[in-house]
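Enquirer: Sharing upload-v7.cif (mmCIF, C-alpha atoms) below.
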```
data_input
loop_
_atom_site.label_atom_id
_atom_site.label_comp_id
_atom_site.auth_asym_id
_atom_site.auth_seq_id
_atom_site.Cartn_x
_atom_site.Cartn_y
_atom_site.Cartn_z
CA MET A 1 0.00 0.00 0.00
CA SER A 2 1.43 3.40 -0.99
CA ASP A 3 1.79 6.40 1.35
CA LEU A 4 -1.04 8.09 -0.57
CA GLN A 5 -3.36 5.14 -0.06
CA ILE A 6 -2.51 4.95 3.65
CA ALA A 7 -3.36 8.62 4.16
CA ALA A 8 -6.62 8.51 2.24
CA GLY A 9 -7.62 5.20 3.85
CA ASN A 10 -7.58 6.82 7.29
CA SER A 11 -9.48 9.94 6.24
CA ALA A 12 -12.22 9.34 8.84
CA VAL A 13 -9.60 9.62 11.60
CA TYR A 14 -8.52 13.04 10.38
CA ALA A 15 -12.10 14.19 9.87
CA GLY A 16 -12.78 13.25 13.49
CA ARG A 17 -9.90 15.42 14.64
CA ARG A 18 -11.23 18.36 12.66
CA ALA A 19 -14.63 17.86 14.30
CA ARG A 20 -12.99 17.94 17.72
CA LEU A 21 -11.11 21.13 16.90
CA ASP A 22 -14.41 22.62 15.68
CA GLN A 23 -15.92 21.91 19.12
CA LEU A 24 -12.95 23.45 20.93
CA MET A 25 -13.08 26.60 18.81
CA GLN A 26 -16.90 26.91 19.09
CA ARG A 27 -16.94 29.83 16.65
CA GLY A 28 -14.36 31.28 14.30
CA VAL A 29 -12.05 30.31 11.44
CA ALA A 30 -8.86 28.24 11.66
CA VAL A 31 -6.32 28.54 8.86
CA VAL A 32 -3.59 25.87 8.89
CA PRO A 33 -1.06 25.69 6.02
CA THR A 34 1.19 22.79 5.21
CA ALA A 35 4.95 23.22 4.88
CA PRO A 36 6.44 24.71 1.70
CA GLU A 37 8.81 22.78 -0.51
CA GLN A 38 12.46 23.64 0.07
CA ALA A 39 15.16 23.97 -2.59
CA ARG A 40 18.27 21.89 -1.92
CA ASN A 41 20.38 23.33 -4.69
CA ARG A 42 19.97 24.84 -8.14
CA ASP A 43 17.61 22.30 -9.65
CA SER A 44 16.51 19.92 -6.92
CA GLN A 45 14.57 19.99 -3.69
CA TYR A 46 14.77 18.32 -0.34
CA PRO A 47 12.42 15.33 0.03
CA TYR A 48 9.07 16.84 0.89
CA ARG A 49 7.76 16.63 4.44
CA TYR A 50 4.36 18.14 5.31
CA ASP A 51 3.67 20.34 8.32
CA SER A 52 2.78 18.22 11.35
CA TYR A 53 -0.20 20.32 12.44
CA PHE A 54 -1.67 20.34 8.95
CA TYR A 55 -1.14 16.59 8.53
CA TYR A 56 -2.63 15.85 11.94
CA LEU A 57 -5.89 17.45 10.80
CA THR A 58 -5.98 16.32 7.17
CA GLY A 59 -3.74 13.35 6.38
CA PHE A 60 -3.16 15.16 3.08
CA PRO A 61 0.45 14.61 1.95
CA GLU A 62 0.87 17.10 -0.88
CA PRO A 63 2.59 20.51 -0.76
CA GLU A 64 0.85 23.79 -1.62
CA ALA A 65 -2.18 23.11 0.55
CA VAL A 66 -4.09 24.98 3.25
CA LEU A 67 -6.87 23.81 5.57
CA VAL A 68 -9.61 26.28 6.45
CA LEU A 69 -11.93 25.13 9.22
CA ILE A 70 -15.03 27.21 9.93
CA ALA A 71 -16.48 26.41 13.34
CA GLY A 72 -20.03 27.06 14.45
CA ASP A 73 -23.57 26.32 13.34
CA ASN A 74 -22.67 26.54 9.65
CA GLY A 75 -19.26 24.98 10.12
CA ARG A 76 -17.42 23.35 7.29
CA SER A 77 -13.96 22.12 6.34
CA ILE A 78 -12.30 23.46 3.22
CA LEU A 79 -9.12 22.26 1.52
CA PHE A 80 -7.15 24.50 -0.80
CA CYS A 81 -4.80 22.37 -2.89
CA ARG A 82 -3.13 22.05 -6.28
CA ASP A 83 -5.21 21.53 -9.39
CA LYS A 84 -4.99 18.30 -11.31
CA ASP A 85 -2.23 18.79 -13.89
CA VAL A 86 -1.42 15.89 -16.18
CA GLU A 87 1.69 17.59 -17.58
CA ARG A 88 3.20 18.19 -14.14
CA GLU A 89 2.30 14.65 -13.09
CA THR A 90 4.47 13.42 -15.97
CA TRP A 91 7.42 15.09 -14.28
CA ASP A 92 6.61 15.04 -10.57
CA GLY A 93 4.08 12.26 -10.01
CA PHE A 94 0.49 11.90 -8.92
CA ARG A 95 -1.69 14.78 -7.73
CA TYR A 96 -5.09 14.34 -6.14
CA GLY A 97 -6.68 17.42 -7.63
CA LEU A 98 -9.66 19.22 -6.16
CA GLU A 99 -12.49 16.73 -6.49
CA ARG A 100 -10.62 13.60 -5.53
CA ALA A 101 -8.99 15.33 -2.57
CA ARG A 102 -12.38 16.51 -1.31
CA GLU A 103 -13.96 13.07 -1.67
CA GLU A 104 -11.16 10.86 -0.37
CA PHE A 105 -10.17 13.06 2.57
CA HIS A 106 -13.74 13.93 3.62
CA PHE A 107 -13.72 17.71 3.17
CA ASP A 108 -16.89 19.71 2.67
CA GLU A 109 -15.31 21.87 -0.02
CA SER A 110 -12.13 22.08 -2.06
CA HIS A 111 -10.70 25.00 -4.00
CA SER A 112 -7.61 25.67 -6.04
CA ILE A 113 -4.68 26.95 -4.02
CA SER A 114 -4.49 29.78 -6.57
CA GLU A 115 -7.80 31.11 -5.16
CA LEU A 116 -6.64 31.30 -1.56
CA ASP A 117 -5.90 35.04 -1.45
CA ALA A 118 -9.18 35.90 -3.16
CA LEU A 119 -11.41 33.70 -0.99
CA LEU A 120 -9.87 34.04 2.47
CA PRO A 121 -11.13 37.59 3.14
CA LYS A 122 -14.66 36.41 2.30
CA LEU A 123 -14.32 33.45 4.66
CA LEU A 124 -13.03 35.70 7.47
CA ALA A 125 -15.78 38.28 7.11
CA ASP A 126 -18.06 38.57 10.14
CA GLN A 127 -16.23 35.83 12.00
CA PRO A 128 -15.52 36.50 15.70
CA ALA A 129 -12.03 34.95 15.80
CA LEU A 130 -9.15 33.80 13.62
CA TYR A 131 -7.14 30.77 14.71
CA CYS A 132 -3.74 30.54 13.03
CA HIS A 133 -0.07 30.35 13.91
CA LEU A 134 1.76 33.61 13.53
CA GLY A 135 5.47 34.07 14.08
CA SER A 136 6.90 30.95 12.44
CA ASP A 137 7.02 32.19 8.83
CA GLY A 138 7.24 35.88 8.02
CA ARG A 139 5.90 35.46 4.50
CA TRP A 140 2.86 33.60 5.78
CA ASP A 141 2.29 36.25 8.46
CA GLU A 142 2.22 38.91 5.73
CA ARG A 143 -0.49 37.03 3.85
CA VAL A 144 -2.63 36.66 6.97
CA LEU A 145 -2.34 40.38 7.73
CA LYS A 146 -3.34 41.24 4.15
CA TRP A 147 -6.48 39.09 4.50
CA LEU A 148 -7.37 40.78 7.76
CA ASN A 149 -6.74 44.25 6.39
CA SER A 150 -8.85 43.42 3.36
CA VAL A 151 -11.77 42.59 5.67
CA ARG A 152 -11.16 45.65 7.85
CA ALA A 153 -11.31 47.85 4.76
CA GLN A 154 -14.97 46.84 4.38
CA VAL A 155 -16.03 48.16 7.77
CA ARG A 156 -18.17 50.96 6.27
CA THR A 157 -20.20 48.37 4.39
CA GLY A 158 -21.08 46.65 7.66
CA VAL A 159 -18.55 43.84 7.39
CA ALA A 160 -16.64 43.03 10.58
CA ALA A 161 -13.17 41.51 10.81
CA PRO A 162 -12.27 38.94 13.47
CA ALA A 163 -11.87 40.77 16.76
CA ALA A 164 -9.62 38.11 18.27
CA ILE A 165 -6.61 36.21 16.96
CA HIS A 166 -5.70 32.97 18.71
CA ASP A 167 -2.77 30.61 18.27
CA VAL A 168 -4.38 27.45 16.91
CA ARG A 169 -1.36 25.49 18.12
CA ALA A 170 -2.48 25.96 21.72
CA LEU A 171 -5.56 23.82 21.02
CA LEU A 172 -3.78 21.38 18.72
CA ASP A 173 -0.90 20.81 21.13
CA GLU A 174 -3.32 19.57 23.75
CA MET A 175 -5.02 17.31 21.21
CA ARG A 176 -1.70 15.92 19.97
CA LEU A 177 -0.48 15.11 23.48
CA ILE A 178 -2.97 12.26 23.83
CA LYS A 179 -2.40 9.70 21.09
CA ASP A 180 -5.39 7.90 19.60
CA ALA A 181 -5.48 4.25 18.55
CA HIS A 182 -4.43 5.06 14.98
CA GLU A 183 -1.40 7.01 16.19
CA LEU A 184 -0.35 4.34 18.67
CA ALA A 185 -0.56 1.58 16.06
CA THR A 186 1.72 3.60 13.79
CA MET A 187 4.14 4.40 16.61
CA ARG A 188 4.38 0.75 17.61
CA ARG A 189 5.32 -0.13 14.03
CA ALA A 190 7.87 2.68 13.94
CA ALA A 191 9.31 1.43 17.22
CA GLN A 192 9.64 -2.12 15.89
CA ILE A 193 11.35 -1.01 12.70
CA SER A 194 13.75 1.16 14.67
CA THR A 195 14.42 -1.65 17.13
CA ASP A 196 15.34 -4.00 14.30
CA ALA A 197 17.57 -1.32 12.79
CA HIS A 198 19.53 -1.06 16.04
CA ARG A 199 19.92 -4.81 16.17
CA ARG A 200 21.24 -4.75 12.61
CA ALA A 201 23.66 -1.96 13.49
CA MET A 202 24.97 -3.81 16.55
CA ARG A 203 25.81 -6.81 14.37
CA ALA A 204 27.70 -4.59 11.93
CA VAL A 205 29.97 -2.84 14.45
CA LYS A 206 33.65 -3.76 14.39
CA PRO A 207 36.97 -1.92 14.72
CA GLY A 208 38.09 -0.20 11.52
CA ARG A 209 34.61 0.45 10.15
CA ALA A 210 33.44 4.04 9.73
CA GLU A 211 30.57 5.64 11.61
CA TYR A 212 28.78 6.25 8.32
CA GLU A 213 28.86 2.54 7.56
CA ILE A 214 26.82 1.91 10.70
CA GLU A 215 24.52 4.80 9.78
CA ALA A 216 24.00 3.10 6.40
CA GLU A 217 22.88 -0.10 8.14
CA LEU A 218 20.27 1.88 10.09
CA LEU A 219 18.97 3.71 7.02
CA HIS A 220 18.87 0.47 5.03
CA GLU A 221 16.66 -1.20 7.63
CA PHE A 222 14.39 1.83 7.94
CA ARG A 223 13.68 1.96 4.24
CA ARG A 224 13.62 -1.82 3.73
CA ARG A 225 10.82 -2.06 6.27
CA GLY A 226 8.73 0.72 4.74
CA ALA A 227 9.64 3.76 6.84
CA GLN A 228 9.82 6.87 4.71
CA ALA A 229 12.85 8.48 6.36
CA PRO A 230 14.83 8.81 9.57
CA ALA A 231 12.87 10.88 12.08
CA TYR A 232 15.99 13.02 12.58
CA THR A 233 19.61 12.93 11.47
CA PRO A 234 21.09 9.84 13.13
CA ILE A 235 23.85 10.30 15.67
CA VAL A 236 26.54 7.64 15.19
CA ALA A 237 29.32 8.72 17.52
CA GLY A 238 32.38 6.65 18.38
CA GLY A 239 34.76 7.34 21.25
CA ALA A 240 35.05 11.01 22.21
CA ASN A 241 32.41 11.94 19.60
CA ALA A 242 29.79 10.40 21.91
CA CYS A 243 30.40 13.26 24.33
CA VAL A 244 29.12 15.74 21.72
CA LEU A 245 25.36 15.65 22.28
CA HIS A 246 24.28 16.55 18.74
CA TYR A 247 27.16 15.01 16.81
CA VAL A 248 26.01 14.18 13.26
CA ARG A 249 29.15 14.18 11.09
CA ASN A 250 29.32 10.38 11.38
CA ASP A 251 32.59 10.19 9.45
CA ALA A 252 35.17 8.93 11.97
CA VAL A 253 36.73 5.45 12.09
CA LEU A 254 35.68 3.17 14.95
CA ASN A 255 38.57 2.21 17.19
CA ALA A 256 38.99 -0.98 19.20
CA GLY A 257 38.16 -0.46 22.86
CA ASP A 258 35.87 2.52 22.27
CA LEU A 259 32.13 2.80 22.76
CA LEU A 260 29.79 3.74 19.93
CA LEU A 261 26.72 5.81 20.83
CA VAL A 262 23.89 5.46 18.29
CA ASP A 263 20.79 7.69 18.51
CA ALA A 264 18.46 6.84 15.63
CA GLY A 265 14.80 6.26 14.91
CA CYS A 266 12.66 6.06 11.81
CA GLU A 267 9.70 8.13 10.70
CA LEU A 268 6.74 6.03 9.60
CA ASP A 269 3.65 7.67 8.10
CA GLY A 270 4.64 10.88 9.85
CA TYR A 271 5.34 9.40 13.32
CA ALA A 272 8.75 9.21 14.97
CA ALA A 273 10.57 6.60 16.96
CA ASP A 274 13.60 7.62 19.03
CA ILE A 275 16.08 5.07 20.39
CA THR A 276 19.60 5.46 21.76
CA ARG A 277 21.99 2.67 22.61
CA ALA A 278 25.73 2.41 23.29
CA TYR A 279 27.67 -0.51 21.78
CA PRO A 280 31.25 -1.62 22.55
CA VAL A 281 33.19 -1.45 19.26
CA SER A 282 35.21 -4.55 20.15
CA GLY A 283 32.10 -6.48 21.24
CA ARG A 284 32.77 -6.39 24.98
CA PHE A 285 32.52 -3.56 27.49
CA THR A 286 35.67 -2.69 29.41
CA PRO A 287 35.26 -2.70 33.21
CA ALA A 288 35.06 1.11 33.29
CA GLN A 289 32.58 1.23 30.41
CA ARG A 290 30.49 -1.43 32.11
CA ASP A 291 30.41 0.53 35.39
CA VAL A 292 29.21 3.72 33.69
CA TYR A 293 26.78 1.83 31.48
CA GLN A 294 25.20 0.01 34.43
CA MET A 295 24.81 3.35 36.22
CA VAL A 296 22.98 4.90 33.25
CA LEU A 297 20.86 1.78 32.78
CA ALA A 298 19.82 1.87 36.45
CA ALA A 299 18.93 5.56 36.07
CA GLN A 300 16.78 4.77 33.05
CA ALA A 301 15.05 1.94 34.89
CA ALA A 302 14.21 4.37 37.72
CA ALA A 303 12.84 6.91 35.22
CA ILE A 304 10.68 4.36 33.41
CA ALA A 305 9.35 2.95 36.69
CA ALA A 306 8.18 6.47 37.58
CA VAL A 307 6.07 6.83 34.41
CA ARG A 308 2.46 6.35 35.42
CA PRO A 309 -0.80 8.29 35.19
CA GLY A 310 -1.06 11.01 37.78
CA ALA A 311 2.69 11.46 38.16
CA ALA A 312 4.10 14.89 37.36
CA TRP A 313 6.27 15.26 34.25
CA ASN A 314 9.44 15.90 36.27
CA VAL A 315 9.15 12.78 38.45
CA PRO A 316 10.94 10.42 35.99
CA HIS A 317 13.75 12.96 35.54
CA ASP A 318 14.18 13.40 39.28
CA ALA A 319 14.24 9.64 39.80
CA ALA A 320 16.94 9.19 37.14
CA LEU A 321 18.95 12.12 38.48
CA ARG A 322 19.20 10.68 41.98
CA VAL A 323 20.52 7.39 40.62
CA LEU A 324 23.06 9.20 38.42
CA ALA A 325 24.20 11.41 41.28
CA GLN A 326 24.80 8.41 43.54
CA GLY A 327 26.57 6.60 40.72
CA LEU A 328 28.88 9.53 40.04
CA ILE A 329 29.72 9.66 43.74
CA ASP A 330 30.43 5.91 43.78
CA LEU A 331 32.70 6.24 40.73
CA GLY A 332 34.65 9.07 42.37
CA MET A 333 33.63 11.76 39.92
CA CYS A 334 31.48 13.78 42.33
CA GLU A 335 31.86 14.37 46.06
CA GLY A 336 29.39 14.77 48.89
CA SER A 337 25.85 13.58 49.38
CA VAL A 338 23.32 12.97 46.62
CA ASP A 339 21.40 16.08 47.64
CA LYS A 340 24.57 18.17 47.63
CA VAL A 341 25.60 16.95 44.18
CA ILE A 342 22.13 17.72 42.78
CA GLU A 343 21.63 21.06 44.51
CA GLY A 344 25.14 22.25 43.66
CA GLY A 345 24.85 21.08 40.06
CA ASP A 346 28.16 19.22 40.11
CA TYR A 347 26.57 16.39 38.10
CA LYS A 348 26.04 18.75 35.16
CA ARG A 349 29.66 18.23 34.08
CA PHE A 350 28.57 14.73 33.08
CA TYR A 351 24.80 15.01 32.55
CA MET A 352 23.55 18.26 31.09
CA HIS A 353 20.13 17.51 29.59
CA ARG A 354 16.68 16.47 30.76
CA THR A 355 15.57 12.83 30.85
CA GLY A 356 12.90 12.96 28.15
CA HIS A 357 10.58 14.76 25.78
CA TRP A 358 7.19 14.23 24.14
CA LEU A 359 7.18 12.01 21.05
CA GLY A 360 4.77 11.79 18.12
CA LEU A 361 4.51 13.49 14.74
CA ASP A 362 7.63 15.42 15.72
CA VAL A 363 10.53 13.77 17.45
CA HIS A 364 10.36 16.57 20.02
CA ASP A 365 6.61 16.59 19.87
CA ALA A 366 4.03 19.29 20.56
CA GLY A 367 2.81 20.03 24.07
CA ASP A 368 3.71 22.09 27.12
CA TYR A 369 5.67 20.60 29.99
CA LYS A 370 4.26 22.99 32.57
CA ARG A 371 0.78 24.44 33.07
CA ASP A 372 0.30 27.50 35.28
CA GLY A 373 3.83 27.12 36.58
CA GLN A 374 3.40 23.47 37.61
CA TRP A 375 4.80 20.38 35.93
CA ARG A 376 1.93 18.82 34.06
CA GLU A 377 0.39 15.51 35.02
CA LEU A 378 1.02 12.41 32.94
CA LYS A 379 -2.14 10.91 31.41
CA PRO A 380 -2.90 7.70 29.48
CA GLY A 381 -2.12 8.13 25.80
CA MET A 382 0.89 10.40 26.27
CA VAL A 383 4.16 9.15 24.77
CA LEU A 384 7.52 10.33 26.06
CA THR A 385 11.14 9.27 25.94
CA ALA A 386 13.29 8.15 28.87
CA GLU A 387 16.91 8.98 28.06
CA PRO A 388 19.39 9.59 30.86
CA GLY A 389 23.04 9.75 29.91
CA CYS A 390 26.58 10.29 31.10
CA TYR A 391 29.28 12.05 29.06
CA ILE A 392 32.80 11.97 30.47
CA ARG A 393 35.16 14.12 28.45
CA ALA A 394 38.94 13.83 28.75
CA GLY A 395 40.23 16.80 30.69
CA ASP A 396 37.37 16.91 33.17
CA GLY A 397 39.72 15.73 35.91
CA VAL A 398 38.47 12.16 35.73
CA PRO A 399 40.45 8.89 35.97
CA GLN A 400 41.92 7.90 32.59
CA GLN A 401 39.87 4.72 32.30
CA PHE A 402 36.68 6.80 32.20
CA ALA A 403 37.85 9.39 29.67
CA ASN A 404 35.79 9.76 26.47
CA ILE A 405 33.00 7.46 27.60
CA GLY A 406 29.67 8.78 26.31
CA ILE A 407 26.53 6.77 27.07
CA ARG A 408 22.85 7.52 26.60
CA ILE A 409 20.08 4.91 26.83
CA GLU A 410 16.76 5.98 25.37
CA ASP A 411 13.40 4.27 24.96
CA ASP A 412 9.92 5.38 23.92
CA VAL A 413 7.34 5.01 26.70
CA LEU A 414 3.55 5.13 26.49
CA VAL A 415 1.58 6.15 29.58
CA THR A 416 -1.17 3.55 30.07
CA ALA A 417 -4.16 3.41 32.39
CA SER A 418 -2.26 1.14 34.78
CA GLY A 419 1.30 2.39 34.34
CA HIS A 420 3.38 2.36 31.19
CA GLU A 421 4.38 0.40 28.09
CA VAL A 422 7.90 0.57 26.67
CA LEU A 423 7.32 0.64 22.91
CA THR A 424 11.00 0.01 22.12
CA HIS A 425 11.61 -2.74 24.68
CA ALA A 426 12.94 -5.19 22.07
CA ALA A 427 16.09 -3.16 21.38
CA PRO A 428 18.80 -4.92 23.45
CA LYS A 429 20.12 -2.78 26.27
CA THR A 430 21.55 -4.95 29.04
CA VAL A 431 25.29 -5.52 28.90
CA GLU A 432 24.75 -9.24 28.49
CA ASP A 433 22.20 -8.92 25.69
CA ILE A 434 24.28 -6.41 23.72
CA GLU A 435 27.45 -8.50 24.00
CA ALA A 436 25.60 -11.68 23.06
CA LEU A 437 24.07 -10.07 19.97
CA MET A 438 27.40 -8.66 18.85
CA ARG A 439 29.10 -12.04 19.30
CA GLY A 440 26.37 -13.67 17.24
#
```
Show me, as structure tokens, the structure contained in the file I just sent.
Expert:
Amino acid sequence: MSDLQIAAGNSAVYAGRRARLDQLMQRGVAVVPTAPEQARNRDSQYPYRYDSYFYYLTGFPEPEAVLVLIAGDNGRSILFCRDKDVERETWDGFRYGLERAREEFHFDESHSISELDALLPKLLADQPALYCHLGSDGRWDERVLKWLNSVRAQVRTGVAAPAAIHDVRALLDEMRLIKDAHELATMRRAAQISTDAHRRAMRAVKPGRAEYEIEAELLHEFRRRGAQAPAYTPIVAGGANACVLHYVRNDAVLNAGDLLLVDAGCELDGYAADITRAYPVSGRFTPAQRDVYQMVLAAQAAAIAAVRPGAAWNVPHDAALRVLAQGLIDLGMCEGSVDKVIEGGDYKRFYMHRTGHWLGLDVHDAGDYKRDGQWRELKPGMVLTAEPGCYIRAGDGVPQQFANIGIRIEDDVLVTASGHEVLTHAAPKTVEDIEALMRG
């Protein structure tokens, strides 16, 4: 089944989300554009990826499209998209066109994208509120302001412009935080593909190979299994490179005795997986590597155990941090009590990020982490990562055996009614399981 067929086949799901947004808005007009195409160089473009908010509401995968949702008693959903063009399809591939897009994606109306500027002022007239997202694209902001000014210019004829402008993302972020059954099914598939890719990569690691060779194994498995792309640029970082949090050059040679940190997940039908593991290049952890790895693994176990409905967002992070602080004390890299190490921030030399983030259509997905100054409560249907780490750079005054060890262990965790489900549990992460797989 093609990506186009998958999107159209789930059109009722997207129509249901539009109906829910209609209820939340009550009255007004929402205008949600998809992402523009981006030029890569003189005569080619980057592979197209739609805007996540637009796709969440439409499932429509083509560029040059805008959703207009009119809420209220006479509410309707309108898609502006590209016209059917047989000549362009010869060069660029299939286009839905107006009628087929309207029918297959369950819109009330469809219009040519070329009519957007002419029709939007009419659709905004006498509406109490406009829901859009200003501030992310200056050119789009200019178009929105022109539509509003066009309506305001008609005030002497009795036409009123929207009196209020709201950020539609505030409503959509809350909707996107709780994954529905369709989303969870897709994310489980993405997790399985990404898990198998990590297993493939572990088998391929050996001294003398390049980081990009391991990256190629990951990308091969993603695409072979039907994922459209990596969800983000993979991090394949050997030795000291693992202590660079966003290392993506992936061009160094793997040396015997080093660790290789791999942070990679696929994107499937728009949804991301996000897994990090650390593999010993020679197939066996050194004693020092094992000690640090076991510390990070215990911290992750504490974080995952704290994921449950009703818990505050920060509870998993705090649980992981206490384990890491004690571990750093035990390894001789921090001094004092656990509370002193945490309050003084001494641990930040080795652990400088939070323990997780929301996951979904974006790898760092939509949704606030605090509401009214308080960490938000975890609820069933939320998906987050659990990813503590430890990064010990040479020159930090640490024993030589620990220098240039960079470890992060990351899994994707669904909050369930009774606790949690680790979507990526099948990716090996105990010392014994990793070493056994690499020997095999």
Enquirer: If we count only C-alpha atoms, what is near region 21-36 of chain A at a cut-off of 7 Å, once residues fewer than 2 positions away on the same chain are taken out, given as a list in words?
Expert: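 These residues fall inside the cut-off: Arg17, Arg18, Ala19, Gln38, Tyr50, Asp51, Phe54, Pro63, Glu64, Ala65, Val66, Leu67, Val68, Leu69, Ile70, Ala71, Gly72, Leu124, Gln127, Pro128, Ala129, Leu130, Tyr131, Cys132 and Val168 of chain A.
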Enquirer: Please write as a ChimeraX atom specification the full residue list that the PyMOL selection byres ((chain A and resi 58) around 8) yields on this file.
Expert: /A:11,14-15,18,54-57,59-60,67,105
Enquirer: Go through A:Leu261, A:Ala191, A:Val205, A:Ala306 and flag the residue nearest Asp411 (chain A), using all atoms listed in the file for the distances.
Expert: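 Comparing A:Leu261, A:Ala191, A:Val205, A:Ala306 against Asp411 (chain A), the winner is A:Ala191.
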Enquirer: Mind telling me what the PyMOL selection byres ((chain A and resi 355) around 8) catches here, as a ChimeraX atom specification?
Expert: /A:303,316-317,320,353-354,356-357,385-388
Enquirer: Write out as a ChimeraX atom specification each polymer residue whose atoms come within 8 Å of region 237-253 of chain A, counting all atoms listed in the file; drop sequence neighbours fewer than 5 positions from it.
Expert: /A:207-212,215,258-262,391-393,404-407
Enquirer: Quick one: apply the PyMOL selection byres ((chain A and resi 274) around 9) to the file and drop the selected residues here as a PyMOL selection string.
Expert: chain A and resi 191+194+231-232+263-266+272-273+275-276+359+363+385+410-412+424
Enquirer: Find, counting all atoms listed in the file, the residue in A:Phe222, A:Phe80, A:Tyr46, A:Tyr369 that gets nearest to Ile113 (chain A).
Expert: A:Phe80
Enquirer: Restricting the calculation to all atoms listed in the file, which member of A:His166, A:Arg376, A:Arg203, A:Arg176 is positioned closest to Gly310 (chain A)?
Expert: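 Counting all atoms listed in the file, the residue closest to Gly310 (chain A) is A:Arg376.
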Enquirer: One number please: CA of Glu421 (chain A) to CA of Leu378 (chain A), in Å, one decimal.
Expert: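 CA of Leu378 (chain A) lies at a distance of 13.4 Å from CA of Glu421 (chain A).
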Enquirer: Name the closest residue to Ala201 (chain A) among the candidates A:Arg102, A:Arg82, A:Arg224, A:Arg277; distances are taken between atoms, counting all atoms listed in the file.
Expert: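 Among the listed residues, A:Arg277 lies closest to Ala201 (chain A).
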Enquirer: In Å, rounded to a single decimal, give me how far CA of Asp73 (chain A) is from CA of His111 (chain A).
Expert: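 Going from CA of His111 (chain A) over to CA of Asp73 (chain A), I get 21.6 Å.
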Enquirer: Can you list, as a PyMOL selection string, every protein, DNA or RNA residue that comes within 12 Å of His220 (chain A) when you count all atoms listed in the file, leaving out same-chain residues fewer than 2 positions away?
Expert: chain A and resi 193-194+196-198+200-201+212-218+222-230+266
Enquirer: Would you mind telling me which residue in A:Pro61, A:Gly283, A:Gly381, A:Gly257 lies nearest to Ala181 (chain A) when using only C-alpha atoms?
Expert: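 Looking at the shortest contact to Ala181 (chain A), the residue is A:Gly381.
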Enquirer: Need to verify the contact set: Ser418 (chain A), 12 Å, only C-alpha atoms, exclusion of same-chain residues closer than 6 positions in sequence. Can you return it as JSON, numbers by chain?
Expert: {"A": [305, 307, 308, 309, 310, 311, 378, 379, 380, 381]}
Enquirer: From the set A:Arg408, A:Ala394, A:Gly440, A:Met202, which residue has the shortest atom-to-atom contact distance to Pro428 (chain A), counting all atoms listed in the file?
Expert: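 Nearest to Pro428 (chain A): A:Met202.
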Enquirer: Neighbouring residues of region 324-341 of chain A were defined as those with any atom within 10 Å, considering only C-alpha atoms; residues of the same chain fewer than 4 positions away were excluded. Please report them as a ChimeraX atom specification.
Expert: /A:288,291-292,294-300,318-320,345-351,388-390,392,396-399,402
Enquirer: I'd like the interatomic distance between CA of Ala185 (chain A) and CA of Ala302 (chain A), to a tenth of an Å.
Expert: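 So the two atoms, CA of Ala185 (chain A) and CA of Ala302 (chain A), lie 26.4 Å apart.
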Enquirer: Can you give me N, CA and C atoms for region 363-373 of chain A, written as a short mmCIF file (atom, residue, chain, number, x, y, z; two decimals), in the coordinates of the input?
Expert:
```cif
data_model
loop_
_atom_site.label_atom_id
_atom_site.label_comp_id
_atom_site.auth_asym_id
_atom_site.auth_seq_id
_atom_site.Cartn_x
_atom_site.Cartn_y
_atom_site.Cartn_z
N VAL A 363 9.74 14.53 16.50
CA VAL A 363 10.53 13.77 17.45
C VAL A 363 10.59 14.48 18.80
N HIS A 364 10.62 15.80 18.81
CA HIS A 364 10.36 16.57 20.02
C HIS A 364 8.96 17.12 19.83
N ASP A 365 7.99 16.38 20.30
CA ASP A 365 6.61 16.59 19.87
C ASP A 365 5.96 17.79 20.58
N ALA A 366 4.79 18.14 20.06
CA ALA A 366 4.03 19.29 20.56
C ALA A 366 3.56 19.03 21.99
N GLY A 367 3.38 20.12 22.73
CA GLY A 367 2.81 20.03 24.07
C GLY A 367 3.66 20.73 25.11
N ASP A 368 3.01 21.42 26.03
CA ASP A 368 3.71 22.09 27.12
C ASP A 368 4.15 21.06 28.16
N TYR A 369 5.19 21.43 28.89
CA TYR A 369 5.67 20.60 29.99
C TYR A 369 5.21 21.13 31.35
N LYS A 370 4.81 22.38 31.36
CA LYS A 370 4.26 22.99 32.57
C LYS A 370 2.95 23.67 32.23
N ARG A 371 2.03 23.69 33.18
CA ARG A 371 0.78 24.44 33.07
C ARG A 371 0.63 25.28 34.33
N ASP A 372 0.46 26.57 34.14
CA ASP A 372 0.30 27.50 35.28
C ASP A 372 1.45 27.37 36.28
N GLY A 373 2.65 27.17 35.73
CA GLY A 373 3.83 27.12 36.58
C GLY A 373 4.10 25.78 37.24
#
```
